[in-house]
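Scroll down for the structure; my scribbles are underneath it.
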Amino acid sequence: MTTRESSGQPEAARRQSDIAPAKGKLGVMIPGMGAVATTFVAGVEAIRQGLASPIGSLTQMGTVRLGKRTDGRSPKIKDFVPLAGLNDLVFTGWDIFEDNMYASACNAGVLERTLLDKIKPFMESIKPRAAVFDQNYVKRLDGPNVKKGKNKMELAEQLRQDIREFKRTNSLDRAIMIWCGSTEVFLERSAVHQSLKAFEAGLCSSDENIAPSMIYAYAALSEGVPFANGAPNLTVDFPAMAELSRKNNSPICGKDYKTGQTLMKTILAPGFKARLLGLNGWFSTNILGNRDGEVLDDPGSFKTKEESKLSVLDAILQPELYPELYGNICHKVRINYYPPRGDNKEGWDNIDIFGWLGYPMQIKVDFLCRDSILAAPIVLDVVLLMDLAQRTPELRGIGIQEWLSFYFKSPMTAPGLYPEHDLFIQLMKLKNTLRHLRGEELITHLGLEYYD
Ligand SMILES: NC(=O)c1ccc[n+]([C@@H]2O[C@H](COP(=O)([O-])OP(=O)(O)OC[C@H]3O[C@@H](n4cnc5c(N)ncnc54)[C@H](O)[C@@H]3O)[C@@H](O)[C@H]2O)c1
């Protein structure tokens, strides 16, 4: 028997991808210095100082099995592919508020003061640059630290200058931009998003379909800087950005960090489908009291989030293939702004399933989670893996990095492809991509060779 559990591609196709080494400093540029951004940056600094562990981070703690199960080869991912080290990360950000990262982290109330005080000088040293902001796109916010320009192209130019200045003054070799700003109002793709030419004309005429997050993304990609989107905004999910990304070898990915309730959904739903358990309904409700919750209290921003959260179940359960089991699901998602809870969200799920002969059953999930604690390791991984993508000839020019779907609620894909939402397929895809890049055999889990 020649079939191998760990086979999957002909020998000739196996080659070492020529990944450039991760030498020098990596700049991390963050539009939106709120709860997620400060929890991420404070966490990296605490880990660097030996005060904490990178729990939840696949790049720091995860392993990847290589070869056969009997080979005993399972290196850590960070030892298997050349990733930037945490000591090489340098941070900057933009926000409409003038608080430095220490003040912003205190305000967010995610991390304890005792930890923040140990890294206070470092956190205070990161001060927000003036933001590109327009209240029409985030109705519940307003702040003083905002750039002025005669049109959106001029604002993009100012951001490009910020990027150049940050790289120059910190002697950076490479940089990444990752959106941790508020969720913007729901926007659909329109003519201005269809090509780079139309988009640039739209920047000059300040087209209303161009949101601030798109201006940041345009500035980053124009400077050859990869852009990841942690919110559900349209931002880089349209043809003009894919074109710019490919043209400048600057990868893009998104959207919306997969944390909390949606993380649970993408863990549970694949299990129901695997066991052919039917689903009548899934009611999800949340209470949260942070600034994100306040922004999502606005119907425009909530709609953007709702679309992102609702898309998950259909894609996992495939009602077109299983009409009897999933053809008639009532799926509802609610987010309630409730200030006393701060960042410590509570997410309730009531799940109505049915089994053998159609007998109904119920599952209740009450997840007392900490949103930003779940999001911070995602930000770290996405930063490091996007940097890896840009140093990898095979990945840097393809635009969307679908292999990073693992981290997102609404993964971006090539036109015409449905997104893969199942967390376990996403993880396999990510690890197989890494194996592929290093010329290792892909793991198919066939495993008949053990019984030869
Ligand atoms: N926490 C999670 O688990 C999680 C999960 C998925 C997605 N997200 C998304 O990540 C984003 C950040 O979440 P958060 O909890 O840190 O929110 P937050 O409100 O604490 O922080 C967002 C920050 O962005 C700033 N901002 C808004 N528009 C800006 C602009 N145009 N330029 C610069 N700064 C701008 C705000 O002033 C605020 O300080 C939100 O869009 C949220 O929906 C969070």
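Identifiers in this document derive from the order of the structure tokens: chains are assigned A, B, ..., residues are numbered from 1 separately in each chain, and ligands are numbered from 1 in order of occurrence.
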
Site check for ligand 1: residues at most 6 Å away, only C-alpha atoms and all ligand atoms, as a ChimeraX atom specification: /A:31-37,94-97,131-133,180-183,212,230-231,256-259,291-292,371-372,374-375

Enumerate, in order of chain and increasing residue number, the residues of segment 23-119 of chain A with an atom no farther than 12 Å from segment 433-444 of chain A, each with its shortest atom pair and distance in Å to one decimal, counting only C-alpha atoms, as JSON lines.
```
{"residue": "A:Thr59", "atom": "CA", "partner": "A:Leu434", "partner_atom": "CA", "distance": 11.3}
{"residue": "A:Thr63", "atom": "CA", "partner": "A:Leu434", "partner_atom": "CA", "distance": 11.1}
{"residue": "A:Val64", "atom": "CA", "partner": "A:Arg435", "partner_atom": "CA", "distance": 8.3}
{"residue": "A:Arg65", "atom": "CA", "partner": "A:Ile443", "partner_atom": "CA", "distance": 8.4}
{"residue": "A:Leu66", "atom": "CA", "partner": "A:Glu440", "partner_atom": "CA", "distance": 6.9}
{"residue": "A:Gly67", "atom": "CA", "partner": "A:Glu441", "partner_atom": "CA", "distance": 6.5}
{"residue": "A:Lys68", "atom": "CA", "partner": "A:Ile443", "partner_atom": "CA", "distance": 8.6}
{"residue": "A:Arg69", "atom": "CA", "partner": "A:Ile443", "partner_atom": "CA", "distance": 10.0}
{"residue": "A:Arg73", "atom": "CA", "partner": "A:Glu440", "partner_atom": "CA", "distance": 11.4}
{"residue": "A:Ser74", "atom": "CA", "partner": "A:Arg435", "partner_atom": "CA", "distance": 11.5}
{"residue": "A:Pro75", "atom": "CA", "partner": "A:Arg435", "partner_atom": "CA", "distance": 11.4}
{"residue": "A:Lys76", "atom": "CA", "partner": "A:Leu434", "partner_atom": "CA", "distance": 11.7}
{"residue": "A:Ile77", "atom": "CA", "partner": "A:Leu434", "partner_atom": "CA", "distance": 8.5}
{"residue": "A:Lys78", "atom": "CA", "partner": "A:Leu434", "partner_atom": "CA", "distance": 10.7}
{"residue": "A:Asp79", "atom": "CA", "partner": "A:Leu434", "partner_atom": "CA", "distance": 11.6}
{"residue": "A:Phe80", "atom": "CA", "partner": "A:Arg438", "partner_atom": "CA", "distance": 8.1}
{"residue": "A:Val81", "atom": "CA", "partner": "A:Leu434", "partner_atom": "CA", "distance": 7.3}
{"residue": "A:Pro82", "atom": "CA", "partner": "A:Arg438", "partner_atom": "CA", "distance": 10.2}
{"residue": "A:Leu83", "atom": "CA", "partner": "A:Leu434", "partner_atom": "CA", "distance": 11.6}
```

Just want the 8 Å neighbourhood of segment 312-324 of chain A, counted on only C-alpha atoms, with same-chain residues fewer than 5 positions away dropped. Output as a PyMOL selection string. chain A and resi 262+265-266+269-270+273+278+409-410+418-422

Within 7 Å of segment 284-288 of chain A, counting only C-alpha atoms, which residues qualify if same-chain residues fewer than 5 places away don't, as a ChimeraX atom specification? /A:293,332-339,341-350

When distances are computed from only C-alpha atoms, which of A:Leu380, A:Met386, A:Gly24, A:Val41 shows the smallest separation from Ile55 of chain A? A:Leu380

Selected residue, from A:Arg370, A:Arg160, A:Lys150, A:Lys431, that lies nearest to Ile215 of chain A when counting only C-alpha atoms: A:Arg160

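The residues of segment 128-320 of chain A that DSSP classifies as strand (DSSP E), using the backbone of this structure, are Arg129, Ala130, Arg174, Ala175, Ile176, Met177, Ile178, Trp179, Phe227, Ala228, Asn229, Ile252, Cys253, Gly278, Leu279, Asn280, Gly281, Trp282, Phe283, Ser284, Thr285, Asn286, Ile287 and Leu288 of chain A.
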
I need the residues from that last selection saved to file as a PDB file, in the first residue's frame (with C-alpha atoms), if you can.
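Generated file (part_27.pdb):
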```pdb
ATOM      1  CA  ARG A 129      -1.455  60.259  15.772  1.00  0.00           C
ATOM      2  CA  ALA A 130      -4.315  62.423  14.524  1.00  0.00           C
ATOM      3  CA  ARG A 174       8.985  46.234   7.538  1.00  0.00           C
ATOM      4  CA  ALA A 175       5.538  47.298   8.753  1.00  0.00           C
ATOM      5  CA  ILE A 176       1.960  46.026   9.057  1.00  0.00           C
ATOM      6  CA  MET A 177      -1.269  47.954   9.546  1.00  0.00           C
ATOM      7  CA  ILE A 178      -4.117  46.332  11.477  1.00  0.00           C
ATOM      8  CA  TRP A 179      -7.522  47.984  11.976  1.00  0.00           C
ATOM      9  CA  PHE A 227      -3.431  45.608   5.850  1.00  0.00           C
ATOM     10  CA  ALA A 228      -5.583  43.419   8.106  1.00  0.00           C
ATOM     11  CA  ASN A 229      -9.124  44.349   9.093  1.00  0.00           C
ATOM     12  CA  ILE A 252      -4.784  41.923   2.770  1.00  0.00           C
ATOM     13  CA  CYS A 253      -7.066  39.933   5.079  1.00  0.00           C
ATOM     14  CA  GLY A 278     -30.763  19.076  12.825  1.00  0.00           C
ATOM     15  CA  LEU A 279     -31.202  22.693  13.830  1.00  0.00           C
ATOM     16  CA  ASN A 280     -34.454  24.618  14.190  1.00  0.00           C
ATOM     17  CA  GLY A 281     -33.146  27.802  15.673  1.00  0.00           C
ATOM     18  CA  TRP A 282     -30.261  29.619  17.256  1.00  0.00           C
ATOM     19  CA  PHE A 283     -30.956  32.682  19.356  1.00  0.00           C
ATOM     20  CA  SER A 284     -27.910  34.661  20.467  1.00  0.00           C
ATOM     21  CA  THR A 285     -27.970  37.662  22.704  1.00  0.00           C
ATOM     22  CA  ASN A 286     -25.179  39.698  24.278  1.00  0.00           C
ATOM     23  CA  ILE A 287     -24.767  42.325  26.930  1.00  0.00           C
ATOM     24  CA  LEU A 288     -21.641  44.407  26.837  1.00  0.00           C
TER      25      LEU A 288
END
```

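Comparing A:Leu446, A:Val295, A:Ala274, A:Met29 by their smallest distance to Arg164 of chain A, the closest is A:Met29 (using only C-alpha atoms).
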
Surrounding residues of Asn209 of chain A excluding itself and chain neighbours under 2 positions, 8 Å, only C-alpha atoms, as a list in words: Leu187, Ser190, Val192, Asp207 and Ala211 of chain A

Residue selection dump (all heavy atoms) as an mmCIF file, in the first residue's frame:
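Everything below was put into out07.cif:
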```
data_model
loop_
_atom_site.group_PDB
_atom_site.id
_atom_site.type_symbol
_atom_site.label_atom_id
_atom_site.label_comp_id
_atom_site.auth_asym_id
_atom_site.auth_seq_id
_atom_site.Cartn_x
_atom_site.Cartn_y
_atom_site.Cartn_z
ATOM 1 N N LEU A 187 -21.864 49.555 4.669
ATOM 2 C CA LEU A 187 -21.735 50.082 3.303
ATOM 3 C C LEU A 187 -21.703 48.912 2.341
ATOM 4 O O LEU A 187 -21.075 47.888 2.637
ATOM 5 C CB LEU A 187 -20.413 50.850 3.137
ATOM 6 C CG LEU A 187 -20.267 52.216 3.800
ATOM 7 C CD1 LEU A 187 -18.872 52.771 3.548
ATOM 8 C CD2 LEU A 187 -21.319 53.188 3.283
ATOM 9 N N SER A 190 -19.945 49.621 -4.246
ATOM 10 C CA SER A 190 -20.567 50.447 -5.281
ATOM 11 C C SER A 190 -19.536 50.697 -6.380
ATOM 12 O O SER A 190 -18.422 50.154 -6.323
ATOM 13 C CB SER A 190 -21.062 51.759 -4.678
ATOM 14 O OG SER A 190 -19.957 52.461 -4.157
ATOM 15 N N VAL A 192 -17.515 52.955 -7.097
ATOM 16 C CA VAL A 192 -16.203 53.481 -6.706
ATOM 17 C C VAL A 192 -15.268 52.375 -6.182
ATOM 18 O O VAL A 192 -14.051 52.537 -6.153
ATOM 19 C CB VAL A 192 -16.417 54.598 -5.645
ATOM 20 C CG1 VAL A 192 -16.697 54.030 -4.267
ATOM 21 C CG2 VAL A 192 -15.258 55.552 -5.620
ATOM 22 N N ASP A 207 -15.836 60.853 -2.414
ATOM 23 C CA ASP A 207 -17.038 60.017 -2.594
ATOM 24 C C ASP A 207 -17.532 59.500 -1.237
ATOM 25 O O ASP A 207 -16.740 59.029 -0.411
ATOM 26 C CB ASP A 207 -16.669 58.838 -3.504
ATOM 27 C CG ASP A 207 -17.879 58.062 -3.964
ATOM 28 O OD1 ASP A 207 -18.613 57.509 -3.098
ATOM 29 O OD2 ASP A 207 -18.087 57.991 -5.179
ATOM 30 N N ALA A 211 -15.194 55.100 3.203
ATOM 31 C CA ALA A 211 -15.184 55.303 4.665
ATOM 32 C C ALA A 211 -13.745 55.531 5.134
ATOM 33 O O ALA A 211 -12.793 55.143 4.435
ATOM 34 C CB ALA A 211 -15.762 54.072 5.342
#
```
